[in-house]
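Chemist: Pasting a structure below so you can have a look.
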Number of protein chains: 4
Amino acid sequence: VTGLESMFTADAVDACLDDRAYLQAMLDTEAALARACARAGLIPAEHAEVIVARCRAEHVDAASLGFRAIAHATPVVPLVQDLRAAVPEPVRPSVHKGATSQDIIDTALCLIANAATERILATLTSAAAALATLAQRHAGDVQIGRTLMQQAEPTTFGLVCAGWMTGVAEARDGLVRARAGLAVQLGGPVGTRAAFGEHGTAIAADMAEQLGLASPVLPWHADRQRIGALMASAALAAGALATIGRNVALLAQTEIGEVAEGEPGGSSAMPHKLNPARSVLVAAAAQQVPALAASVLTGMAGEAQRGIGGWQAEAPAVRQALRLVGGAAEHTLVLLDGLRVDTDRMRANVANRPPDAPPVTGDALAAARTLVDRALEGR
Amino acid sequence: VTGLESMFTADAVDACLDDRAYLQAMLDTEAALARACARAGLIPAEHAEVIVARCRAEHVDAASLGFRAIAHATPVVPLVQDLRAAVPEPVRPSVHKGATSQDIIDTALCLIANAATERILATLTSAAAALATLAQRHAGDVQIGRTLMQQAEPTTFGLVCAGWMTGVAEARDGLVRARAGLAVQLGGPVGTRAAFGEHGTAIAADMAEQLGLASPVLPWHADRQRIGALMASAALAAGALATIGRNVALLAQTEIGEVAEGEPGGSSAMPHKLNPARSVLVAAAAQQVPALAASVLTGMAGEAQRGIGGWQAEAPAVRQALRLVGGAAEHTLVLLDGLRVDTDRMRANVANRPPDAPPVTGDALAAARTLVDRALEGR
Amino acid sequence: VTGLESMFTADAVDACLDDRAYLQAMLDTEAALARACARAGLIPAEHAEVIVARCRAEHVDAASLGFRAIAHATPVVPLVQDLRAAVPEPVRPSVHKGATSQDIIDTALCLIANAATERILATLTSAAAALATLAQRHAGDVQIGRTLMQQAEPTTFGLVCAGWMTGVAEARDGLVRARAGLAVQLGGPVGTRAAFGEHGTAIAADMAEQLGLASPVLPWHADRQRIGALMASAALAAGALATIGRNVALLAQTEIGEVAEGEPGGSSAMPHKLNPARSVLVAAAAQQVPALAASVLTGMAGEAQRGIGGWQAEAPAVRQALRLVGGAAEHTLVLLDGLRVDTDRMRANVANRPPDAPPVTGDALAAARTLVDRALEGR
Amino acid sequence: VTGLESMFTADAVDACLDDRAYLQAMLDTEAALARACARAGLIPAEHAEVIVARCRAEHVDAASLGFRAIAHATPVVPLVQDLRAAVPEPVRPSVHKGATSQDIIDTALCLIANAATERILATLTSAAAALATLAQRHAGDVQIGRTLMQQAEPTTFGLVCAGWMTGVAEARDGLVRARAGLAVQLGGPVGTRAAFGEHGTAIAADMAEQLGLASPVLPWHADRQRIGALMASAALAAGALATIGRNVALLAQTEIGEVAEGEPGGSSAMPHKLNPARSVLVAAAAQQVPALAASVLTGMAGEAQRGIGGWQAEAPAVRQALRLVGGAAEHTLVLLDGLRVDTDRMRANVANRPPDAPPVTGDALAAARTLVDRALEGR
């Protein structure tokens, strides 16, 4: 993502998901298929070598593919045409051997999702570590707890950070599980692997090994559980990150002033303002993800061996959701790394409570510390 | 659910989720809290006995609670008032000891979700078994595969059923994982467990043990990952079931006629029609679930220690989503148990393919059988 | 809605949408059809009289209908069976003359939506009037404007209320337009009105006149624009109301304290707290509506003359969305009628701005007053 | 949109929505503001001329803006910095006079939405005309109606097309209404128009006149009804188009064969197949829109004078939704223009009905023709 919407996303994750990466993933799938077919004796080894050598994205024009894709509702048809045209005539039948276009699209989508989630997971891990540090540092720093937006009883900022940490860690674990489900797709036209004879299972496994993806029990053209689970885990991660973004903005309210961003944003109209810019970006990026997930979850019930509309709409949603989670994660990490915590103001807000509020006792702080310790041990 | 919308749901699951069950779950939570507090020495054992004896839903008027809930945005305030009023004066401070209303709501929601998912899982297991039987029985029965709604190449109906089975099994596994995350909530007003002193962890663990729920690392008032994950898994299950419902209806089309429901529905206007009524109910019930999930996923980023609007909107969505998944699962099971498979028509549809379609070879059937065997072994 | 979720809804709107009302609406549709058919000479006038006399919900058991509906995926089949059984044998062919079950369901859904939206519109009108009063009363009361949750420049609380009023008025206008699209459905089995010969248009118009609904150009079994538009307008109304609910809660924060609810809610754990209970209920009810709208909008593309799953899933979503908008509107009205505005605190919050904030000038207040006047004139 | 996802969208609509267009719309807003301020005597006329001359997108680097936007959560801050830097020092205070960044973003979003919807409306009008032609041409061509995917009673293909036409026309009318709500945003930092003194209303009206947008009663920073309504109308349009796409694919099924696309797509694996590629693209594009609408509808309740996350997430959703509706409309038009209708096959499918189906009578055809005539007259 370049340009005006790039503020919602993170370059390193975007790069895993852009057209060049997606196209290369399709070509990597074709290359892995050729290698596996050669090893199974279904095509000559020299054919595989020729094919593999051509499977480089710089040889392909994505814009042209997009245009030519319209006639077939998939870019794989023109991509395979181009690949075949680029190899010597005898090699052509060995290109895309036994596969269907959805085999390539699905595998490629899993490949780029695999790469993107790897980076997202790293950022989530760093964010969780930053939160652990904050939790420990502020384990004894009293803060007034607020429920239904009213001051309630005291807690500590360390416990608040521990709660954010737990949310991020749970979301990360969910994403790890969903990522483990990303799999090679190899079914051929109707999911039987008919063209591979007795070698179907071995070829799929070989491709999975090459590509670093799972080898599924069955082709999954018509079973979209793994894509749906990926999107659900993306939405859950967005929820964990949005919790942090929204709450930093709430605590940074002028009247509360307990935290501030390290490098607050400016205003085009009011030079004195210190806007919680990263928090806003986290919230805005995360806001968009659940709907993208719902779009995929709603479209899971495809027609027969390969449906009309549902699965084709997945790739845009998956790519955009992962970009947005990537951006939300990156901004959260920057936000946490630079977070300014005003423990004096926290204490002052506790001291200024309404006269009928109960007194602060050591019990609450001790209990909060126990919980922080427990959360940090559980990491 | 009684009345006009009960056709979308299943009685046994509904019963786990209705107002009486939900209210009893709240009371079970209060009872478990009282027992645990007594064991920790925080309240007298006799108090706990008195409280436990009163925690029966038949003592409470749900309709009145609903009305009195408005003033507090939660039914727990009037419920606790009623409980206190119903016990001798000295026992009153021991009621709802150290808890906040969200502790009761969240734990009760997990309790009814736990019961409902147990039944849903049983139905999904039966549905997967029915699909395994169909997969085995029809492993050699040729059927034309259809992609983008066009006849493509041959497969077997057994492989189709194996694919449905795999989808159901994956959804079931996801629901099992989400169910394992259903946890006791015990945080007190701001999530510190302050009122329990050093006993907080033990009391939460005791309650979890009593109630058959997980004991969380931290109170999770503001970390809604486990509820979001439950809803995501419900949406994935809906997707797996809708795949079956829609595809049975597609295969039952008059012009295709390869399957029919065991007891097709009638029409109010056309006596000759055989409507795929169960398929329609599965599709209609499942259709509603992803949006309910999105609603919860969108509301995860609550404000401070207890937010305004997000988490309060969860219980209706969770209850309705589980009802609908329960209904979709039940109807799917009935559908599968009664499914009439017309293998003659399947063969005829293969034979009647366009003249330029490639011939059917034994390869496809052998490959399909290999996959069916693999899927059945993997159960 | 009775019981534990009734706090999200309003009794008067619920009563328009409950099973009894829905069932009566189905029967009203059958009665209107009978009358219209008699006037067109298609059935004897005495038959119509007999039928009309039986079309009373108290004669029907909704729970039993729900159960018997399963076999047909619609309650209309058993409903018509019961109606026929309840009239003398010669009258039976005149019952449900020329109609299909979806004719009854769709018309009945429009009827209950028509009644419910009438009440919702009345509440929205009252809420807009309450906001107009607040806008006028506080047109000169300075308040600090807050952007990205940071104090920015001064405005007036009157202008804030004028903005809420405009939002409610726009939402109301949208709901009025969507309501005008609620129409009689009369198509017969496949939407041709074949059974009515040359009288089809007249019978549909007669029914529309009787029932207070629009008479559509064509039967709309497969064109769900009007239901989608209704749901969209419900979601927009939810957005306008949620804006008020959330912002009242924000302004009621302990540290801001510029408004308070007239009868704030209590806490089960913290007697000193004054919870913005109505605001929370508004936000929680409104939160659930956009997803219900998305569910309907996603299911609009039905199959052929009557689809599988999409339209059948509409009624639950429509009923629940209108209930929730009704509840959000009712709670908003109560909230506004009782709203306590602390103009001293507003002034104090302006006075306490950061030292580098620009001074408050009369320009802002004059400009704000101009806008308030403009908004009030535009009513 | 270029590249791999461009198959879902249409170039002409994309061009209205891309970064260059969006940036130019922001600059057009700044230019219109400068002209209006000059006419009101708030800035010198020469300043306005200088500013207007600089407001050309080719002077700005969108990629750099995107990066610099991060620190402020909006690209308008660096854009205004660049504009100011590009004009002589004395002119600088006249740049962005009295405005806030959301004024620019909101107005620019309305401008590009206005341009995009103009083109979409033209395509919808053409599609409705194509459907009118089909409705007239096939008014007498019998086709079997199908309900719940079962053959039911006869209708005509003309009536089917008339129903699709009506849906498109309703959606178009809704989009026209939503488009009329697209408005200039001018409020300044907190929505008071304080910097414009008595000229606020006149300046906003002048800008609206220049830009071809509505002049709102009040600034609408915190009232997102018009954006929500735009998204709802986009989702409704998607629903009308998806109905056509899905149903063409259903009627094109090999076993039904009543229609075919003019230029069916190929398969990468099965040369004999004729894929309904345009139908699939329509369905896939439309599938993504309701969720985008829900995302905006869910985020409408912003905080105070300018919120955190909700409105910032609108622009990506609006742009993508309009692109997708544009693509769905374009593909639908191509689909309809080339549609091959096999009336022989339609007749044959009627003739081959089950033996217990009622006979086809002239009544149905006459009734269908009456409806078609009515729908065509109503255009």
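Chain labels run A, B, ... following the order of the structure tokens; each chain numbers its residues from 1, and ligands are numbered from 1 in the order shown.
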Counting only C-alpha atoms, what is within 12 Å of Leu121 of chain A, bar same-chain residues fewer than 4 positions away, as a PDB file with N, CA and C atoms, in the first residue's frame?
Modeler:
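Saved to around_15.pdb:
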```pdb
ATOM      1  N   VAL A  13       4.730  -5.625   6.259  1.00  0.00           N
ATOM      2  CA  VAL A  13       3.634  -6.565   6.032  1.00  0.00           C
ATOM      3  C   VAL A  13       3.031  -6.338   4.647  1.00  0.00           C
ATOM      4  N   ALA A 113      -0.180 -15.124   2.970  1.00  0.00           N
ATOM      5  CA  ALA A 113      -0.709 -14.990   4.334  1.00  0.00           C
ATOM      6  C   ALA A 113       0.289 -15.534   5.342  1.00  0.00           C
ATOM      7  N   ASN A 114       0.965 -16.606   4.954  1.00  0.00           N
ATOM      8  CA  ASN A 114       1.982 -17.195   5.819  1.00  0.00           C
ATOM      9  C   ASN A 114       3.110 -16.206   6.084  1.00  0.00           C
ATOM     10  N   ALA A 115       3.554 -15.566   5.040  1.00  0.00           N
ATOM     11  CA  ALA A 115       4.644 -14.590   5.183  1.00  0.00           C
ATOM     12  C   ALA A 115       4.170 -13.379   5.987  1.00  0.00           C
ATOM     13  N   ALA A 116       2.975 -12.911   5.694  1.00  0.00           N
ATOM     14  CA  ALA A 116       2.476 -11.717   6.389  1.00  0.00           C
ATOM     15  C   ALA A 116       2.238 -12.001   7.868  1.00  0.00           C
ATOM     16  N   THR A 117       1.656 -13.159   8.149  1.00  0.00           N
ATOM     17  CA  THR A 117       1.390 -13.460   9.558  1.00  0.00           C
ATOM     18  C   THR A 117       2.687 -13.689  10.327  1.00  0.00           C
ATOM     19  N   THR A 125       4.524 -10.205  19.227  1.00  0.00           N
ATOM     20  CA  THR A 125       5.416 -10.663  20.284  1.00  0.00           C
ATOM     21  C   THR A 125       6.150  -9.483  20.908  1.00  0.00           C
ATOM     22  N   SER A 126       6.621  -8.578  20.062  1.00  0.00           N
ATOM     23  CA  SER A 126       7.298  -7.379  20.589  1.00  0.00           C
ATOM     24  C   SER A 126       6.336  -6.520  21.391  1.00  0.00           C
ATOM     25  N   ALA A 127       5.107  -6.402  20.907  1.00  0.00           N
ATOM     26  CA  ALA A 127       4.128  -5.590  21.630  1.00  0.00           C
ATOM     27  C   ALA A 127       3.832  -6.213  22.993  1.00  0.00           C
ATOM     28  N   ALA A 128       3.721  -7.540  23.016  1.00  0.00           N
ATOM     29  CA  ALA A 128       3.461  -8.214  24.282  1.00  0.00           C
ATOM     30  C   ALA A 128       4.643  -8.009  25.237  1.00  0.00           C
ATOM     31  N   VAL A 168      -3.257  -9.457  23.880  1.00  0.00           N
ATOM     32  CA  VAL A 168      -2.376  -9.590  22.714  1.00  0.00           C
ATOM     33  C   VAL A 168      -1.848 -11.022  22.625  1.00  0.00           C
ATOM     34  N   ALA A 169      -1.495 -11.588  23.765  1.00  0.00           N
ATOM     35  CA  ALA A 169      -0.945 -12.949  23.751  1.00  0.00           C
ATOM     36  C   ALA A 169      -1.984 -13.963  23.292  1.00  0.00           C
ATOM     37  N   GLU A 170      -3.206 -13.800  23.753  1.00  0.00           N
ATOM     38  CA  GLU A 170      -4.271 -14.708  23.305  1.00  0.00           C
ATOM     39  C   GLU A 170      -4.499 -14.576  21.802  1.00  0.00           C
ATOM     40  N   ALA A 171      -4.514 -13.327  21.332  1.00  0.00           N
ATOM     41  CA  ALA A 171      -4.717 -13.098  19.899  1.00  0.00           C
ATOM     42  C   ALA A 171      -3.569 -13.704  19.095  1.00  0.00           C
ATOM     43  N   ARG A 172      -2.366 -13.557  19.617  1.00  0.00           N
ATOM     44  CA  ARG A 172      -1.199 -14.127  18.943  1.00  0.00           C
ATOM     45  C   ARG A 172      -1.311 -15.646  18.875  1.00  0.00           C
ATOM     46  N   ASP A 173      -1.695 -16.269  19.971  1.00  0.00           N
ATOM     47  CA  ASP A 173      -1.842 -17.728  19.968  1.00  0.00           C
ATOM     48  C   ASP A 173      -2.885 -18.158  18.931  1.00  0.00           C
ATOM     49  N   GLY A 174      -3.967 -17.401  18.844  1.00  0.00           N
ATOM     50  CA  GLY A 174      -4.989 -17.735  17.860  1.00  0.00           C
ATOM     51  C   GLY A 174      -4.468 -17.607  16.441  1.00  0.00           C
ATOM     52  N   LEU A 175      -3.662 -16.596  16.221  1.00  0.00           N
ATOM     53  CA  LEU A 175      -3.104 -16.398  14.887  1.00  0.00           C
ATOM     54  C   LEU A 175      -2.102 -17.500  14.553  1.00  0.00           C
ATOM     55  N   VAL A 176      -1.357 -17.936  15.559  1.00  0.00           N
ATOM     56  CA  VAL A 176      -0.422 -19.055  15.344  1.00  0.00           C
ATOM     57  C   VAL A 176      -1.200 -20.300  14.911  1.00  0.00           C
ATOM     58  N   ARG A 177      -2.304 -20.565  15.599  1.00  0.00           N
ATOM     59  CA  ARG A 177      -3.104 -21.749  15.235  1.00  0.00           C
ATOM     60  C   ARG A 177      -3.678 -21.618  13.827  1.00  0.00           C
ATOM     61  N   ALA A 178      -4.209 -20.435  13.521  1.00  0.00           N
ATOM     62  CA  ALA A 178      -4.789 -20.243  12.185  1.00  0.00           C
ATOM     63  C   ALA A 178      -3.712 -20.367  11.120  1.00  0.00           C
ATOM     64  N   ARG A 179      -2.531 -19.860  11.430  1.00  0.00           N
ATOM     65  CA  ARG A 179      -1.426 -19.923  10.467  1.00  0.00           C
ATOM     66  C   ARG A 179      -1.037 -21.372  10.188  1.00  0.00           C
ATOM     67  N   SER A 233      -9.119 -15.039  13.206  1.00  0.00           N
ATOM     68  CA  SER A 233      -7.989 -14.726  14.089  1.00  0.00           C
ATOM     69  C   SER A 233      -7.472 -13.317  13.808  1.00  0.00           C
ATOM     70  N   ALA A 234      -7.588 -12.865  12.574  1.00  0.00           N
ATOM     71  CA  ALA A 234      -7.198 -11.481  12.264  1.00  0.00           C
ATOM     72  C   ALA A 234      -8.125 -10.505  12.987  1.00  0.00           C
ATOM     73  N   ALA A 237      -7.243 -10.420  16.612  1.00  0.00           N
ATOM     74  CA  ALA A 237      -6.034  -9.617  16.829  1.00  0.00           C
ATOM     75  C   ALA A 237      -6.364  -8.130  16.739  1.00  0.00           C
ATOM     76  N   LEU A 322      -5.090  -8.510   6.586  1.00  0.00           N
ATOM     77  CA  LEU A 322      -3.739  -8.699   7.126  1.00  0.00           C
ATOM     78  C   LEU A 322      -2.943  -7.406   7.061  1.00  0.00           C
ATOM     79  N   VAL A 325      -4.232  -5.399  10.056  1.00  0.00           N
ATOM     80  CA  VAL A 325      -3.728  -5.926  11.328  1.00  0.00           C
ATOM     81  C   VAL A 325      -2.230  -5.638  11.450  1.00  0.00           C
ATOM     82  N   GLY A 326      -1.543  -5.758  10.339  1.00  0.00           N
ATOM     83  CA  GLY A 326      -0.117  -5.414  10.340  1.00  0.00           C
ATOM     84  C   GLY A 326       0.104  -3.962  10.747  1.00  0.00           C
ATOM     85  N   ALA A 329      -0.794  -3.428  14.424  1.00  0.00           N
ATOM     86  CA  ALA A 329       0.236  -3.997  15.299  1.00  0.00           C
ATOM     87  C   ALA A 329       1.466  -3.091  15.340  1.00  0.00           C
ATOM     88  N   GLU A 330       1.879  -2.651  14.176  1.00  0.00           N
ATOM     89  CA  GLU A 330       3.068  -1.782  14.101  1.00  0.00           C
ATOM     90  C   GLU A 330       2.844  -0.483  14.870  1.00  0.00           C
ATOM     91  N   LEU A 333       2.905  -1.051  18.555  1.00  0.00           N
ATOM     92  CA  LEU A 333       4.264  -1.230  19.077  1.00  0.00           C
ATOM     93  C   LEU A 333       4.963   0.117  19.239  1.00  0.00           C
TER      94      LEU A 333
END
```
Chemist: Up to 6 Å from chain B, what residues of chain D turn up? Count only C-alpha atoms and give them as a list in words.
Modeler: Met149, Gln150, Gln151, Gln253, Thr254, Glu255, His272 and Ala357 of chain D
Chemist: Please compute the atom CA of Gly188 of chain B-atom CA of Lys97 of chain B distance, one decimal, in Å.
Modeler: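 Separation of atom CA of Gly188 of chain B and atom CA of Lys97 of chain B: 8.8 Å.
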Chemist: Need the shell around segment 210-215 of chain C: protein/DNA/RNA residues with any atom at most 9 Å away, counting only C-alpha atoms. Skip same-chain ones fewer than 6 positions apart. Format as JSON, numbers by chain?
Modeler: {"C": [28, 29, 32, 36, 107, 110, 111, 114, 180, 181, 182, 183, 184, 185, 201, 204]}
Chemist: Include all heavy atoms and write out the residues we just selected as a JSON list (two decimals), in the first residue's frame.
Modeler:
```
[["chain", "number", "residue", "atom", "x", "y", "z"],
["C", 28, "ASP", "N", -54.22, -11.20, 8.93],
["C", 28, "ASP", "CA", -54.78, -10.00, 8.29],
["C", 28, "ASP", "C", -54.54, -10.04, 6.78],
["C", 28, "ASP", "O", -55.38, -9.59, 6.00],
["C", 28, "ASP", "CB", -54.13, -8.73, 8.87],
["C", 28, "ASP", "CG", -54.58, -8.45, 10.30],
["C", 28, "ASP", "OD1", -55.58, -9.06, 10.75],
["C", 28, "ASP", "OD2", -53.93, -7.62, 10.97],
["C", 29, "THR", "N", -53.40, -10.57, 6.41],
["C", 29, "THR", "CA", -53.08, -10.68, 4.99],
["C", 29, "THR", "C", -54.03, -11.66, 4.31],
["C", 29, "THR", "O", -54.57, -11.39, 3.22],
["C", 29, "THR", "CB", -51.62, -11.13, 4.81],
["C", 29, "THR", "OG1", -50.77, -10.23, 5.54],
["C", 29, "THR", "CG2", -51.23, -11.13, 3.35],
["C", 32, "ALA", "N", -57.39, -9.95, 4.07],
["C", 32, "ALA", "CA", -57.42, -8.92, 3.03],
["C", 32, "ALA", "C", -57.49, -9.56, 1.65],
["C", 32, "ALA", "O", -58.19, -9.07, 0.74],
["C", 32, "ALA", "CB", -56.19, -8.02, 3.15],
["C", 36, "ALA", "N", -60.48, -9.06, -1.03],
["C", 36, "ALA", "CA", -60.17, -8.56, -2.37],
["C", 36, "ALA", "C", -60.61, -9.54, -3.45],
["C", 36, "ALA", "O", -61.13, -9.16, -4.50],
["C", 36, "ALA", "CB", -58.67, -8.26, -2.48],
["C", 107, "THR", "N", -45.83, -9.91, 3.26],
["C", 107, "THR", "CA", -46.81, -8.88, 3.60],
["C", 107, "THR", "C", -46.89, -8.71, 5.12],
["C", 107, "THR", "O", -46.94, -7.57, 5.63],
["C", 107, "THR", "CB", -48.19, -9.24, 3.03],
["C", 107, "THR", "OG1", -48.07, -9.49, 1.62],
["C", 107, "THR", "CG2", -49.18, -8.11, 3.24],
["C", 110, "CYS", "N", -43.99, -6.79, 6.41],
["C", 110, "CYS", "CA", -44.15, -5.36, 6.14],
["C", 110, "CYS", "C", -45.18, -4.74, 7.09],
["C", 110, "CYS", "O", -45.01, -3.60, 7.55],
["C", 110, "CYS", "CB", -44.56, -5.12, 4.69],
["C", 110, "CYS", "SG", -43.17, -5.35, 3.55],
["C", 111, "LEU", "N", -46.22, -5.48, 7.39],
["C", 111, "LEU", "CA", -47.24, -4.95, 8.30],
["C", 111, "LEU", "C", -46.68, -4.70, 9.70],
["C", 111, "LEU", "O", -46.90, -3.62, 10.28],
["C", 111, "LEU", "CB", -48.41, -5.94, 8.41],
["C", 111, "LEU", "CG", -49.46, -5.87, 7.30],
["C", 111, "LEU", "CD1", -50.45, -7.02, 7.45],
["C", 111, "LEU", "CD2", -50.22, -4.53, 7.37],
["C", 114, "ASN", "N", -44.28, -1.89, 9.59],
["C", 114, "ASN", "CA", -45.01, -0.63, 9.44],
["C", 114, "ASN", "C", -45.48, -0.12, 10.80],
["C", 114, "ASN", "O", -45.32, 1.06, 11.15],
["C", 114, "ASN", "CB", -46.21, -0.87, 8.52],
["C", 114, "ASN", "CG", -46.77, 0.40, 7.95],
["C", 114, "ASN", "OD1", -46.01, 1.28, 7.53],
["C", 114, "ASN", "ND2", -48.09, 0.52, 7.94],
["C", 180, "ALA", "N", -42.11, 3.96, 3.61],
["C", 180, "ALA", "CA", -43.01, 4.13, 2.46],
["C", 180, "ALA", "C", -42.83, 3.01, 1.43],
["C", 180, "ALA", "O", -43.70, 2.78, 0.59],
["C", 180, "ALA", "CB", -42.76, 5.48, 1.80],
["C", 181, "GLY", "N", -41.71, 2.32, 1.50],
["C", 181, "GLY", "CA", -41.48, 1.21, 0.57],
["C", 181, "GLY", "C", -42.07, -0.11, 1.04],
["C", 181, "GLY", "O", -42.07, -1.09, 0.29],
["C", 182, "LEU", "N", -42.57, -0.16, 2.26],
["C", 182, "LEU", "CA", -43.15, -1.41, 2.75],
["C", 182, "LEU", "C", -44.41, -1.70, 1.95],
["C", 182, "LEU", "O", -45.32, -0.88, 1.87],
["C", 182, "LEU", "CB", -43.45, -1.30, 4.25],
["C", 182, "LEU", "CG", -42.22, -1.09, 5.14],
["C", 182, "LEU", "CD1", -42.62, -0.82, 6.58],
["C", 182, "LEU", "CD2", -41.28, -2.29, 5.06],
["C", 183, "ALA", "N", -44.47, -2.88, 1.38],
["C", 183, "ALA", "CA", -45.49, -3.14, 0.36],
["C", 183, "ALA", "C", -46.16, -4.48, 0.54],
["C", 183, "ALA", "O", -45.59, -5.42, 1.12],
["C", 183, "ALA", "CB", -44.84, -3.09, -1.03],
["C", 184, "VAL", "N", -47.35, -4.54, 0.02],
["C", 184, "VAL", "CA", -48.02, -5.83, -0.12],
["C", 184, "VAL", "C", -47.20, -6.74, -1.03],
["C", 184, "VAL", "O", -46.60, -6.26, -1.99],
["C", 184, "VAL", "CB", -49.42, -5.60, -0.75],
["C", 184, "VAL", "CG1", -49.93, -6.84, -1.45],
["C", 184, "VAL", "CG2", -50.41, -5.15, 0.33],
["C", 185, "GLN", "N", -47.17, -7.99, -0.69],
["C", 185, "GLN", "CA", -46.60, -9.00, -1.58],
["C", 185, "GLN", "C", -47.74, -9.84, -2.10],
["C", 185, "GLN", "O", -48.53, -10.37, -1.31],
["C", 185, "GLN", "CB", -45.61, -9.86, -0.80],
["C", 185, "GLN", "CG", -44.97, -10.97, -1.59],
["C", 185, "GLN", "CD", -44.01, -10.45, -2.65],
["C", 185, "GLN", "OE1", -44.45, -10.01, -3.72],
["C", 185, "GLN", "NE2", -42.74, -10.45, -2.35],
["C", 201, "THR", "N", -53.66, -7.05, -10.60],
["C", 201, "THR", "CA", -53.27, -5.71, -10.16],
["C", 201, "THR", "C", -54.31, -5.12, -9.20],
["C", 201, "THR", "O", -53.95, -4.52, -8.17],
["C", 201, "THR", "CB", -53.11, -4.79, -11.39],
["C", 201, "THR", "OG1", -52.14, -5.37, -12.26],
["C", 201, "THR", "CG2", -52.65, -3.40, -10.97],
["C", 204, "ALA", "N", -54.12, -6.84, -5.72],
["C", 204, "ALA", "CA", -52.96, -6.36, -4.96],
["C", 204, "ALA", "C", -53.22, -4.95, -4.44],
["C", 204, "ALA", "O", -52.91, -4.62, -3.28],
["C", 204, "ALA", "CB", -51.70, -6.40, -5.82]]
```
Chemist: Just want the 12 Å neighbourhood of Asp141 of chain A, counted on only C-alpha atoms, with same-chain residues fewer than 3 positions away dropped. Output as a ChimeraX atom specification.
Modeler: /A:134-138,144,154-161,258,341-348,350,362,364-366,368-369,372
Chemist: Could you go through segment 257-379 of chain A and tell me which residues DSSP, when run on the backbone, assigns to strand (DSSP E or B), listing them as number ranges by chain?
Modeler: A: 259-260, 265, 275, 306, 340-341
Chemist: Store the residues picked out above in a file with N, CA and C atoms, as a compact mmCIF listing (two decimals), in the first residue's frame.
Modeler:
```txt
# COMPACT_ATOMS: atom_id res chain seq x y z
N VAL A 259 -1.71 9.26 30.44
CA VAL A 259 -0.67 8.82 29.49
C VAL A 259 -0.66 9.79 28.31
N ALA A 260 0.43 9.74 27.57
CA ALA A 260 0.52 10.51 26.33
C ALA A 260 1.37 9.71 25.36
N GLY A 265 0.62 13.70 17.58
CA GLY A 265 0.42 14.34 16.29
C GLY A 265 0.01 15.79 16.45
N ASN A 275 -2.27 15.37 19.58
CA ASN A 275 -3.22 14.33 19.21
C ASN A 275 -2.64 12.93 19.39
N ARG A 306 -16.51 -25.99 -6.99
CA ARG A 306 -15.86 -24.67 -6.99
C ARG A 306 -16.98 -23.67 -7.23
N ARG A 340 4.32 7.70 27.25
CA ARG A 340 4.67 8.47 28.43
C ARG A 340 3.60 8.26 29.49
N VAL A 341 4.03 7.78 30.62
CA VAL A 341 3.09 7.47 31.69
C VAL A 341 3.27 8.50 32.80
```
Chemist: Neighbouring residues of Ala232 of chain D were defined as those with any atom within 8 Å, considering only C-alpha atoms; residues of the same chain fewer than 4 positions away were excluded. Please report them as an MDAnalysis selection string.
Modeler: (chainID C and resid 229 232) or (chainID D and resid 228 236 290 293)
Chemist: Mind checking DSSP for segment 164-370 of chain A and telling me the helix (DSSP H, G or I) residues as an MDAnalysis selection string?
Modeler: chainID A and resid 164:180 194:211 225:251 277:287 289:298 311:338 343:351 362:370
Chemist: Find, counting only C-alpha atoms, the residue in A:Gly307, A:Gly245, A:Gly239, A:Gly200 that gets nearest to Ile227 of chain B.
Modeler: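 With only C-alpha atoms as the atom set, the closest residue is A:Gly239.
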Chemist: Please provide as an NGL selection string all residues within 12 Å of Ala10 of chain D, with the sequence filter that same-chain residues fewer than 6 positions apart are discarded (counting only C-alpha atoms).
Modeler: (:A and (66-67 or 70)) or (:D and (1-2 or 16-18 or 116 or 119-120 or 123 or 281-282 or 285 or 320 or 322-334))
